[in-house]
file target.tsv (TSV, C-alpha atoms)
chain	number	residue	atom	x	y	z
A	1210	MET	CA	-31.69	121.32	42.47
A	1211	VAL	CA	-30.97	122.52	38.94
A	1212	THR	CA	-30.04	119.73	36.56
A	1213	ARG	CA	-28.83	119.82	33.04
A	1214	GLU	CA	-28.25	116.78	30.89
A	1215	PHE	CA	-25.59	116.31	28.25
A	1216	VAL	CA	-25.44	113.42	25.81
A	1217	ILE	CA	-22.42	113.76	23.54
A	1218	THR	CA	-21.52	111.66	20.52
A	1219	LEU	CA	-17.87	111.27	19.66
A	1220	ALA	CA	-17.73	112.28	16.02
A	1221	LEU	CA	-14.83	110.88	14.03
A	1222	ALA	CA	-13.91	112.60	10.78
A	1223	GLY	CA	-14.52	110.54	7.67
A	1224	SER	CA	-15.34	106.88	7.82
A	1225	LEU	CA	-14.78	104.81	10.96
A	1226	GLY	CA	-12.28	102.58	9.21
A	1227	ALA	CA	-8.57	102.96	9.94
A	1228	LEU	CA	-6.69	105.59	7.98
A	1229	PRO	CA	-4.22	103.64	5.81
A	1230	ALA	CA	-0.60	103.96	6.85
A	1231	HIS	CA	0.43	104.94	3.30
A	1232	GLU	CA	-2.05	107.84	3.46
A	1233	ILE	CA	-0.42	109.12	6.64
A	1234	ARG	CA	3.01	108.97	4.97
A	1235	SER	CA	1.74	110.68	1.84
A	1236	GLN	CA	0.64	113.86	3.60
A	1237	GLN	CA	2.70	117.01	3.20
A	1238	LEU	CA	4.66	116.77	6.45
A	1239	SER	CA	7.77	118.90	6.41
A	1240	LYS	CA	11.23	117.41	6.01
A	1241	SER	CA	13.97	118.26	8.48
A	1242	VAL	CA	17.68	117.55	8.92
A	1243	LEU	CA	17.50	118.11	12.68
A	1244	PRO	CA	18.13	114.73	14.38
A	1245	ILE	CA	15.00	114.87	16.54
A	1246	HIS	CA	12.67	111.88	16.87
A	1247	LEU	CA	8.97	112.38	17.74
A	1248	GLN	CA	6.83	109.44	18.85
A	1249	VAL	CA	3.49	108.69	20.50
A	1250	LEU	CA	3.78	105.34	22.25
A	1251	PHE	CA	0.12	104.97	23.20
A	1252	MET	CA	-3.03	106.83	22.18
A	1253	PRO	CA	-6.07	106.38	24.46
A	1254	PRO	CA	-9.47	106.77	22.83
A	1255	PRO	CA	-11.14	110.19	22.89
A	1256	PHE	CA	-13.55	110.86	25.74
A	1257	VAL	CA	-16.18	113.40	26.78
A	1258	SER	CA	-15.90	115.65	29.81
A	1259	GLU	CA	-17.85	118.82	30.65
A	1260	GLY	CA	-19.53	118.77	27.27
A	1261	GLN	CA	-16.28	118.63	25.32
A	1262	VAL	CA	-14.49	115.87	23.46
A	1263	ALA	CA	-10.92	115.44	24.66
A	1264	LEU	CA	-7.68	113.54	24.07
A	1265	ALA	CA	-5.00	112.86	26.68
A	1266	TYR	CA	-1.67	111.30	25.71
A	1267	GLU	CA	2.10	111.84	25.69
A	1268	LEU	CA	4.58	112.83	22.98
A	1269	TYR	CA	8.19	111.61	23.31
A	1270	VAL	CA	10.91	113.90	21.95
A	1271	ALA	CA	14.43	112.46	21.58
A	1272	ASP	CA	17.64	114.24	20.50
A	1273	PHE	CA	19.81	111.75	18.59
A	1274	ARG	CA	22.95	113.89	18.16
A	1275	ASP	CA	25.28	116.08	20.23
A	1276	ILE	CA	23.21	119.14	19.33
A	1277	ASP	CA	21.44	121.07	22.08
A	1278	VAL	CA	18.00	122.43	21.18
A	1279	THR	CA	15.14	124.28	22.87
A	1280	LEU	CA	11.54	123.25	22.26
A	1281	ALA	CA	9.83	126.55	21.40
A	1282	GLN	CA	6.45	125.52	19.97
A	1283	LEU	CA	4.33	122.43	19.47
A	1284	GLU	CA	1.33	122.09	17.17
A	1285	VAL	CA	-1.08	119.16	16.93
A	1286	LEU	CA	-2.31	118.77	13.35
A	1287	PRO	CA	-5.09	116.75	11.72
A	1288	VAL	CA	-3.30	114.61	9.16
A	1289	ARG	CA	-5.92	115.40	6.53
A	1290	ASP	CA	-5.93	119.15	7.24
A	1291	LEU	CA	-2.43	120.24	8.21
A	1292	ALA	CA	-3.25	123.91	7.70
A	1293	HIS	CA	-5.63	124.03	10.67
A	1294	PRO	CA	-3.97	122.87	13.93
A	1295	LEU	CA	-6.11	121.37	16.66
A	1296	ALA	CA	-3.88	122.99	19.26
A	1297	ARG	CA	-0.78	125.15	19.53
A	1298	PHE	CA	1.42	125.43	22.64
A	1299	THR	CA	4.20	127.97	23.23
A	1300	GLY	CA	6.18	129.47	26.10
A	1301	GLN	CA	5.20	128.59	29.65
A	1302	ASP	CA	1.98	126.97	28.43
A	1303	LEU	CA	4.16	124.42	26.62
A	1304	TRP	CA	6.97	124.09	29.13
A	1305	ARG	CA	4.61	123.29	32.01
A	1306	ARG	CA	3.64	120.17	30.08
A	1307	VAL	CA	7.21	118.96	29.61
A	1308	ARG	CA	8.80	116.41	31.91
A	1309	ARG	CA	12.38	115.16	31.81
A	1310	PRO	CA	12.57	111.63	33.27
A	1311	GLY	CA	15.92	111.08	34.92
A	1312	LYS	CA	16.44	114.80	35.52
A	1313	PRO	CA	15.86	116.68	38.80
A	1314	ALA	CA	12.20	117.41	39.49
A	1315	ASN	CA	13.00	121.12	39.94
A	1316	LEU	CA	14.71	121.46	36.56
A	1317	VAL	CA	14.48	125.15	35.64
A	1318	HIS	CA	14.39	124.73	31.87
A	1319	PRO	CA	12.83	121.39	30.92
A	1320	GLU	CA	12.39	122.65	27.36
A	1321	ARG	CA	16.16	122.59	26.76
A	1322	ILE	CA	17.04	119.16	25.40
A	1323	GLY	CA	20.72	118.28	25.26
A	1324	GLY	CA	22.39	115.93	22.85
A	1325	GLY	CA	21.44	112.32	23.60
A	1326	GLU	CA	18.59	113.41	25.90
A	1327	PHE	CA	14.83	113.14	25.67
A	1328	ALA	CA	11.69	114.79	26.96
A	1329	VAL	CA	8.05	113.83	27.38
A	1330	VAL	CA	5.30	116.32	26.53
A	1331	PHE	CA	2.03	115.57	28.33
A	1332	LEU	CA	-0.93	116.66	26.23
A	1333	TRP	CA	-4.61	117.20	26.98
A	1334	LEU	CA	-6.60	118.51	24.02
A	1335	THR	CA	-10.25	119.57	24.09
A	1336	LEU	CA	-12.59	120.35	21.23
A	1337	PRO	CA	-15.95	122.09	21.36
A	1338	SER	CA	-19.03	119.90	21.19
A	1339	GLY	CA	-19.90	119.08	17.60
A	1340	GLN	CA	-16.38	119.45	16.21
A	1341	SER	CA	-15.08	116.18	14.87
A	1342	ILE	CA	-12.01	114.30	16.04
A	1343	PRO	CA	-9.76	113.47	13.08
A	1344	GLN	CA	-8.86	109.89	12.30
A	1345	ALA	CA	-5.16	110.68	12.64
A	1346	ILE	CA	-3.00	113.48	13.98
A	1347	ALA	CA	0.60	114.56	13.51
A	1348	HIS	CA	2.87	116.88	15.47
A	1349	ARG	CA	4.90	119.90	14.35
A	1350	ALA	CA	7.64	120.86	16.78
A	1351	THR	CA	9.63	124.07	16.44
A	1352	PHE	CA	13.14	124.06	17.94
A	1353	LEU	CA	15.74	126.78	18.46
A	1354	ARG	CA	19.43	125.97	18.17
A	1355	SER	CA	22.19	128.32	19.33
A	1356	MET	CA	24.86	128.75	16.67
A	1357	SER	CA	28.57	129.42	17.17
A	1358	ASP	CA	28.21	133.06	16.06
A	1359	GLY	CA	25.69	133.75	18.85
A	1360	SER	CA	22.63	133.64	16.62
A	1361	GLN	CA	19.73	131.24	16.90
A	1362	ARG	CA	18.44	129.08	14.08
A	1363	GLU	CA	14.88	127.79	13.94
A	1364	TYR	CA	14.09	124.23	12.88
A	1365	VAL	CA	10.69	122.64	12.31
A	1366	VAL	CA	10.24	118.89	12.75
A	1367	ASP	CA	7.05	117.08	11.74
A	1368	GLY	CA	6.33	113.57	12.93
A	1369	ALA	CA	4.54	111.19	15.27
A	1370	ALA	CA	1.60	110.63	12.92
A	1371	THR	CA	-0.83	108.64	15.04
A	1372	LEU	CA	-4.21	107.04	14.46
A	1373	ILE	CA	-6.98	108.04	16.88
A	1374	PRO	CA	-8.89	105.01	18.21
A	1375	ALA	CA	-12.42	104.91	16.83
A	1376	GLU	CA	-14.05	103.21	19.82
A	1377	ARG	CA	-15.83	105.08	22.58
A	1378	PRO	CA	-14.76	104.70	26.23
A	1379	ILE	CA	-16.56	101.98	28.15
A	1380	ALA	CA	-19.66	103.09	30.07
A	1381	ILE	CA	-19.68	102.05	33.73
A	1382	ARG	CA	-21.58	102.45	36.96
A	1383	PRO	CA	-19.89	104.32	39.82
A	1384	PRO	CA	-17.50	102.22	41.95
A	1385	LEU	CA	-19.07	103.63	45.11
A	1386	PRO	CA	-22.53	103.81	46.69
A	1387	ALA	CA	-24.80	106.84	46.73
A	1388	GLY	CA	-23.39	109.86	48.51
A	1389	ARG	CA	-21.35	113.03	48.12
A	1390	TRP	CA	-17.75	112.30	47.26
A	1391	LEU	CA	-14.64	114.42	47.06
A	1392	MET	CA	-12.87	113.46	43.83
A	1393	ALA	CA	-9.30	114.44	44.68
A	1394	ASN	CA	-6.44	114.29	42.19
A	1395	GLY	CA	-8.98	113.66	39.45
A	1396	PRO	CA	-8.18	113.34	35.75
A	1397	SER	CA	-6.80	116.61	34.40
A	1398	MET	CA	-3.83	118.07	32.58
A	1399	PHE	CA	-2.00	119.10	35.73
A	1400	GLY	CA	-3.40	116.67	38.32
A	1401	ASP	CA	-1.06	114.58	40.49
A	1402	HIS	CA	-1.87	111.34	38.71
A	1403	ARG	CA	-1.32	112.77	35.23
A	1404	PHE	CA	2.48	112.79	35.38
A	1405	ASP	CA	2.98	109.41	37.05
A	1406	LEU	CA	4.95	107.90	34.19
A	1407	GLN	CA	6.63	104.63	35.14
A	1408	VAL	CA	8.89	102.16	33.37
A	1409	VAL	CA	7.45	98.69	34.00
A	1410	ASP	CA	8.63	95.48	32.41
A	1411	GLY	CA	10.93	97.38	30.07
A	1412	ARG	CA	8.50	100.02	28.75
A	1413	PRO	CA	7.12	103.38	29.90
A	1414	VAL	CA	3.43	103.43	30.86
A	1415	ASP	CA	1.03	105.86	32.50
A	1416	SER	CA	-1.41	103.56	34.27
A	1417	GLN	CA	-2.89	106.42	36.32
A	1418	ARG	CA	-3.58	108.73	33.38
A	1419	PHE	CA	-7.31	108.90	34.31
A	1420	ALA	CA	-7.11	107.96	38.01
A	1421	ALA	CA	-8.81	109.67	40.95
A	1422	ASP	CA	-8.94	109.37	44.75
A	1423	TRP	CA	-12.47	109.22	46.18
A	1424	MET	CA	-13.30	110.32	49.75
A	1425	LEU	CA	-16.78	110.36	51.29
A	1426	LEU	CA	-18.22	113.56	52.75
A	1427	GLY	CA	-20.31	113.38	55.89
A	1428	PRO	CA	-23.52	115.33	56.56
A	1429	ASP	CA	-21.42	118.15	58.04
A	1430	GLY	CA	-19.47	118.52	54.78
A	1431	LYS	CA	-16.31	117.14	56.38
A	1432	LEU	CA	-14.28	114.04	55.58
A	1433	ALA	CA	-14.09	112.84	59.19
A	1434	ARG	CA	-15.73	113.15	62.57
A	1435	GLY	CA	-14.28	115.44	65.22
A	1436	THR	CA	-10.49	115.47	65.32
A	1437	PRO	CA	-9.67	112.29	63.40
A	1438	THR	CA	-6.97	110.15	64.94
A	1439	SER	CA	-7.98	106.72	63.65
A	1440	ASN	CA	-9.23	105.32	60.38
A	1441	THR	CA	-12.68	104.68	61.83
A	1442	ASP	CA	-13.15	108.44	62.30
A	1443	TRP	CA	-13.33	108.94	58.53
A	1444	TYR	CA	-16.75	108.79	56.92
A	1445	GLY	CA	-15.51	106.73	53.99
A	1446	TYR	CA	-13.85	104.03	56.08
A	1447	GLY	CA	-15.58	100.69	55.58
A	1448	VAL	CA	-17.83	101.89	52.75
A	1449	PRO	CA	-18.18	99.16	50.09
A	1450	ALA	CA	-16.34	99.32	46.77
A	1451	LEU	CA	-18.74	98.18	44.06
A	1452	ALA	CA	-18.32	96.41	40.73
A	1453	ILE	CA	-18.71	98.98	37.97
A	1454	ALA	CA	-19.93	96.37	35.46
A	1455	ASP	CA	-20.26	92.63	35.06
A	1456	GLY	CA	-16.82	91.06	34.97
A	1457	VAL	CA	-14.33	88.53	36.28
A	1458	VAL	CA	-11.89	89.04	39.16
A	1459	GLU	CA	-8.45	89.09	37.55
A	1460	SER	CA	-6.30	89.50	40.66
A	1461	ILE	CA	-6.41	90.55	44.27
A	1462	GLY	CA	-3.96	91.68	46.94
A	1463	ASP	CA	-4.61	91.31	50.65
A	1464	GLY	CA	-2.89	91.30	54.02
A	1465	ILE	CA	-1.28	94.75	53.90
A	1466	PRO	CA	-1.77	96.56	57.23
A	1467	GLU	CA	-3.30	100.02	57.30
A	1468	ASN	CA	-1.58	103.34	57.88
A	1469	VAL	CA	-2.21	105.84	60.63
A	1470	PRO	CA	-4.25	108.66	59.05
A	1471	LEU	CA	-2.19	111.64	57.82
A	1472	SER	CA	1.07	110.07	58.98
A	1473	VAL	CA	4.14	110.49	56.80
A	1474	GLU	CA	5.08	106.90	57.67
A	1475	ARG	CA	3.63	103.92	55.82
A	1476	ALA	CA	2.79	100.63	57.50
A	1477	VAL	CA	4.88	98.88	54.82
A	1478	PRO	CA	7.48	100.29	52.42
A	1479	ASN	CA	6.21	101.38	49.02
A	1480	ARG	CA	7.05	98.78	46.40
A	1481	ARG	CA	5.42	97.67	43.18
A	1482	ASP	CA	3.43	95.02	45.06
A	1483	THR	CA	2.43	97.24	48.01
A	1484	VAL	CA	1.86	100.75	46.63
A	1485	GLY	CA	-1.81	100.05	45.83
A	1486	GLY	CA	-2.46	98.48	49.22
A	1487	ASN	CA	-5.09	95.76	49.37
A	1488	TYR	CA	-6.74	95.74	45.98
A	1489	VAL	CA	-9.03	94.12	43.46
A	1490	VAL	CA	-8.57	94.08	39.69
A	1491	LEU	CA	-11.75	93.38	37.75
A	1492	ARG	CA	-11.57	92.28	34.10
A	1493	LEU	CA	-14.42	93.78	32.09
A	1494	ARG	CA	-13.15	92.58	28.72
A	1495	ALA	CA	-9.83	91.48	27.21
A	1496	ASP	CA	-8.46	95.03	27.08
A	1497	VAL	CA	-10.27	96.76	29.96
A	1498	TYR	CA	-9.44	96.26	33.65
A	1499	ALA	CA	-10.66	98.19	36.69
A	1500	PHE	CA	-8.32	98.76	39.63
A	1501	TYR	CA	-9.64	99.35	43.17
A	1502	GLY	CA	-6.86	100.31	45.60
A	1503	HIS	CA	-6.20	100.99	49.33
A	1504	LEU	CA	-8.91	98.61	50.63
A	1505	GLN	CA	-9.13	97.29	54.18
A	1506	PRO	CA	-7.13	94.13	54.90
A	1507	ARG	CA	-9.28	90.99	55.07
A	1508	SER	CA	-12.28	92.90	53.71
A	1509	LEU	CA	-12.24	91.46	50.20
A	1510	ARG	CA	-15.47	89.68	49.30
A	1511	VAL	CA	-14.22	88.07	46.08
A	1512	ALA	CA	-11.55	85.64	44.88
A	1513	VAL	CA	-9.59	85.34	41.65
A	1514	GLY	CA	-11.78	83.91	38.91
A	1515	ASN	CA	-15.09	84.91	40.50
A	1516	ARG	CA	-17.70	86.27	38.13
A	1517	VAL	CA	-19.31	89.38	39.57
A	1518	ARG	CA	-22.36	91.43	38.69
A	1519	THR	CA	-22.71	95.19	38.45
A	1520	GLY	CA	-23.03	96.71	41.93
A	1521	GLN	CA	-21.64	93.67	43.76
A	1522	VAL	CA	-19.48	94.42	46.81
A	1523	LEU	CA	-15.79	93.72	46.15
A	1524	GLY	CA	-14.27	94.96	49.40
A	1525	LEU	CA	-14.30	97.84	51.87
A	1526	LEU	CA	-12.57	101.23	51.66
A	1527	GLY	CA	-9.48	101.46	53.82
A	1528	ASN	CA	-6.11	103.14	54.22
A	1529	SER	CA	-3.51	100.65	53.00
A	1530	GLY	CA	-0.53	101.09	50.70
A	1531	ASN	CA	0.57	104.55	49.59
A	1532	SER	CA	-2.41	106.29	51.21
A	1533	ASP	CA	-2.78	109.26	53.57
A	1534	ALA	CA	-6.35	108.59	54.72
A	1535	PRO	CA	-9.24	106.21	53.97
A	1536	HIS	CA	-10.26	106.50	50.32
A	1537	LEU	CA	-10.65	104.56	47.11
A	1538	HIS	CA	-8.09	104.89	44.35
A	1539	PHE	CA	-9.81	103.93	41.10
A	1540	HIS	CA	-8.71	103.76	37.48
A	1541	LEU	CA	-9.02	101.69	34.32
A	1542	THR	CA	-6.14	100.23	32.32
A	1543	ASN	CA	-5.69	97.98	29.31
A	1544	ALA	CA	-3.76	95.29	31.23
A	1545	GLY	CA	-4.46	93.16	34.29
A	1546	ASP	CA	-1.43	94.13	36.34
A	1547	PRO	CA	-2.29	97.16	38.51
A	1548	VAL	CA	0.68	99.24	37.36
A	1549	SER	CA	1.83	97.82	34.01
A	1550	GLY	CA	-1.18	98.78	31.86
A	1551	GLU	CA	-1.91	102.04	30.09
A	1552	GLY	CA	-4.58	104.20	31.72
A	1553	ILE	CA	-7.72	104.47	29.60
A	1554	PRO	CA	-10.76	106.75	29.92
A	1555	PHE	CA	-14.30	105.70	30.81
A	1556	ALA	CA	-17.74	107.24	31.15
A	1557	PHE	CA	-19.96	107.13	34.24
A	1558	ASP	CA	-23.55	106.52	33.17
A	1559	SER	CA	-24.75	109.26	35.54
A	1560	TYR	CA	-23.39	111.60	38.19
A	1561	THR	CA	-23.96	115.12	39.50
A	1562	ILE	CA	-21.30	117.80	39.93
A	1563	LEU	CA	-22.00	119.79	43.09
A	1564	ASP	CA	-18.86	121.91	43.12
A	1565	VAL	CA	-15.50	122.35	41.42
A	1566	LEU	CA	-12.57	122.90	43.77
A	1567	SER	CA	-8.95	123.86	43.55
A	1568	VAL	CA	-6.22	121.86	45.26
A	1569	THR	CA	-5.80	124.68	47.78
A	1570	GLU	CA	-9.50	124.36	48.66
A	1571	TRP	CA	-9.67	120.62	49.27
A	1572	THR	CA	-6.24	120.22	50.88
A	1573	PRO	CA	-7.47	121.77	54.19
A	1574	MET	CA	-10.43	119.39	54.06
A	1575	LEU	CA	-7.94	116.51	54.13
A	1576	GLN	CA	-5.19	117.84	56.37
A	1577	ASP	CA	-7.25	119.88	58.86
A	1578	ASN	CA	-10.67	118.20	58.48
A	1579	GLY	CA	-12.05	121.51	57.32
A	1580	PRO	CA	-15.59	121.66	55.93
A	1581	TRP	CA	-16.62	121.92	52.32
A	1582	LEU	CA	-17.08	125.70	52.28
A	1583	ARG	CA	-19.73	126.00	49.56
A	1584	GLN	CA	-21.94	123.19	50.79
A	1585	ALA	CA	-24.96	125.39	51.59
A	1586	ARG	CA	-25.13	126.98	48.15
A	1587	ALA	CA	-24.16	123.99	46.01
A	1588	ARG	CA	-26.05	123.58	42.77
A	1589	GLY	CA	-26.10	120.26	41.01
A	1590	LEU	CA	-25.25	119.73	37.35
A	1591	LEU	CA	-26.33	116.35	36.04
A	1592	ARG	CA	-23.91	114.62	33.68
A	1593	ARG	CA	-24.49	111.44	31.68
A	1594	ASN	CA	-21.97	109.28	29.86
A	1595	GLU	CA	-19.03	111.52	30.71
A	1596	LEU	CA	-15.73	111.34	32.59
A	1597	PRO	CA	-15.54	113.74	35.55
A	1598	THR	CA	-12.29	115.69	35.61
A	1599	GLY	CA	-10.30	117.90	37.93
A	1600	GLU	CA	-11.02	118.32	41.63
A	1601	ALA	CA	-14.73	118.23	42.40
A	1602	ILE	CA	-17.54	117.27	44.74
A	1603	ILE	CA	-19.44	114.53	42.94
A	1604	GLU	CA	-22.78	113.05	43.97
A	1605	PHE	CA	-23.73	109.49	43.05
A	1606	ARG	CA	-27.33	108.38	43.40

call {"tool": "encode", "arguments": {"input": "target.tsv", "output": "structure tokens"}}
result
Amino acid sequence: MVTREFVITLALAGSLGALPAHEIRSQQLSKSVLPIHLQVLFMPPPFVSEGQVALAYELYVADFRDIDVTLAQLEVLPVRDLAHPLARFTGQDLWRRVRRPGKPANLVHPERIGGGEFAVVFLWLTLPSGQSIPQAIAHRATFLRSMSDGSQREYVVDGAATLIPAERPIAIRPPLPAGRWLMANGPSMFGDHRFDLQVVDGRPVDSQRFAADWMLLGPDGKLARGTPTSNTDWYGYGVPALAIADGVVESIGDGIPENVPLSVERAVPNRRDTVGGNYVVLRLRADVYAFYGHLQPRSLRVAVGNRVRTGQVLGLLGNSGNSDAPHLHFHLTNAGDPVSGEGIPFAFDSYTILDVLSVTEWTPMLQDNGPWLRQARARGLLRRNELPTGEAIIEFR
């Protein structure tokens, strides 16, 4: 097996101290009369994936007047070097990242923002290894407005100057034992979890920003034995979920019955208190919590307030809550409630990438119990202190 090791340092431009707010305001950001408000509500710390430093966050764009505009371009700018954008998005590359909460999911032109409306631009920026992350970024949005004479006028709005957190993501052990795991719906720009923005307790949050669904592969490269009709047919069913670090059990949920595999029906209706199924929330520190979802009922091995050690069994993988088949839903947030915190990145201390899949490749593995097609010629790539992203076959040892 070929292995290659990466150890990346997150380099922050300048000193590690916070960039003073007056310095952000003093930069040469453009002035605009267009009544558009730009805001970043939460900025997760930068993380490393596939040898690159990355940022994942959301930009809110609000139209405060009865003026309809079209978002034509968005640039992300280092506050101390506005002439050299970190990223520039236009056309379909930009519009694919735009969501319009409250509008139909099949909205044809999400980039068109009417008076009194707002949009959310989901961003995922990557920088080559060795290039520094600035201490603060701003955003330059270009809008087109249709005028009464049939012409279009261009407006540029600068705003949403935001400090980049200086801390590195927490390093953790895998939440699962040794084996080959399908990481489905893994962290990525266009993954299913990425756009799960929810309003909880009066504020929008994206608790699943860096979430993934983990399913165990058997020796035959399949997710289940034979023609799976029950949960026990799936290789991952009953596998222990493990503490990723020393911590304290913040909360648990138990007693939710399991679903029939691949059924469109759920054993209980999806609500805020049932969507994660039977679960454990582990507090690692005051602002870092690990969520383990969809566990078997009555399989939890811990109680609220228990102190646990790295690798300790918390419960067993199951198929409860909003789940199609036995798996572990895992993510980190900055709050103890499973859905009210902001999703934050992390770094596994070690893992091996065996394959990178597309959704169309792993979907038959789930729905038809098809085999992992490239199993025989898989080549391992060792990663250390990184966050795995996308859809992949990951090996833990």

call {"tool": "residues_around", "arguments": {"input": "target.tsv", "residues": "Glu1570 (chain A)", "least_positions_apart": "3", "cutoff": "9 Å", "atoms": "only C-alpha atoms", "output": "PyMOL selection string"}}
result
chain A and resi 1566-1567+1573-1574+1581-1582

call {"tool": "closest_residue", "arguments": {"input": "target.tsv", "among": "A:Ala1450, A:Val1414, A:Leu1303, A:Ala1585", "to": "Pro1428 (chain A)", "atoms": "only C-alpha atoms"}}
result
A:Ala1585

call {"tool": "atom_distance", "arguments": {"input": "target.tsv", "atom1": "CA of Arg1492 (chain A)", "atom2": "CA of Val1477 (chain A)"}}
result
27.3 Å

call {"tool": "closest_residue", "arguments": {"input": "target.tsv", "among": "A:Ala1476, A:Leu1286, A:Val1457, A:Leu1295", "to": "Val1490 (chain A)", "atoms": "all atoms listed in the file"}}
result
A:Val1457

call {"tool": "closest_atom_pairs", "arguments": {"input": "target.tsv", "of": "region 1365-1431 of chain A", "to": "region 1321-1339 of chain A", "cutoff": "9 Å", "atoms": "all atoms listed in the file", "output": "tab-separated table"}}
result
residue	atom	partner	partner_atom	distance
A:Ser1397	CA	A:Trp1333	CA	7.8
A:Met1398	CA	A:Trp1333	CA	5.7
A:Arg1403	CA	A:Phe1331	CA	8.2
A:Phe1404	CA	A:Phe1331	CA	7.6

call {"tool": "closest_residue", "arguments": {"input": "target.tsv", "among": "A:Leu1526, A:Ala1292, A:Ala1347, A:Leu1426", "to": "Gly1447 (chain A)", "atoms": "all atoms listed in the file"}}
result
A:Leu1526
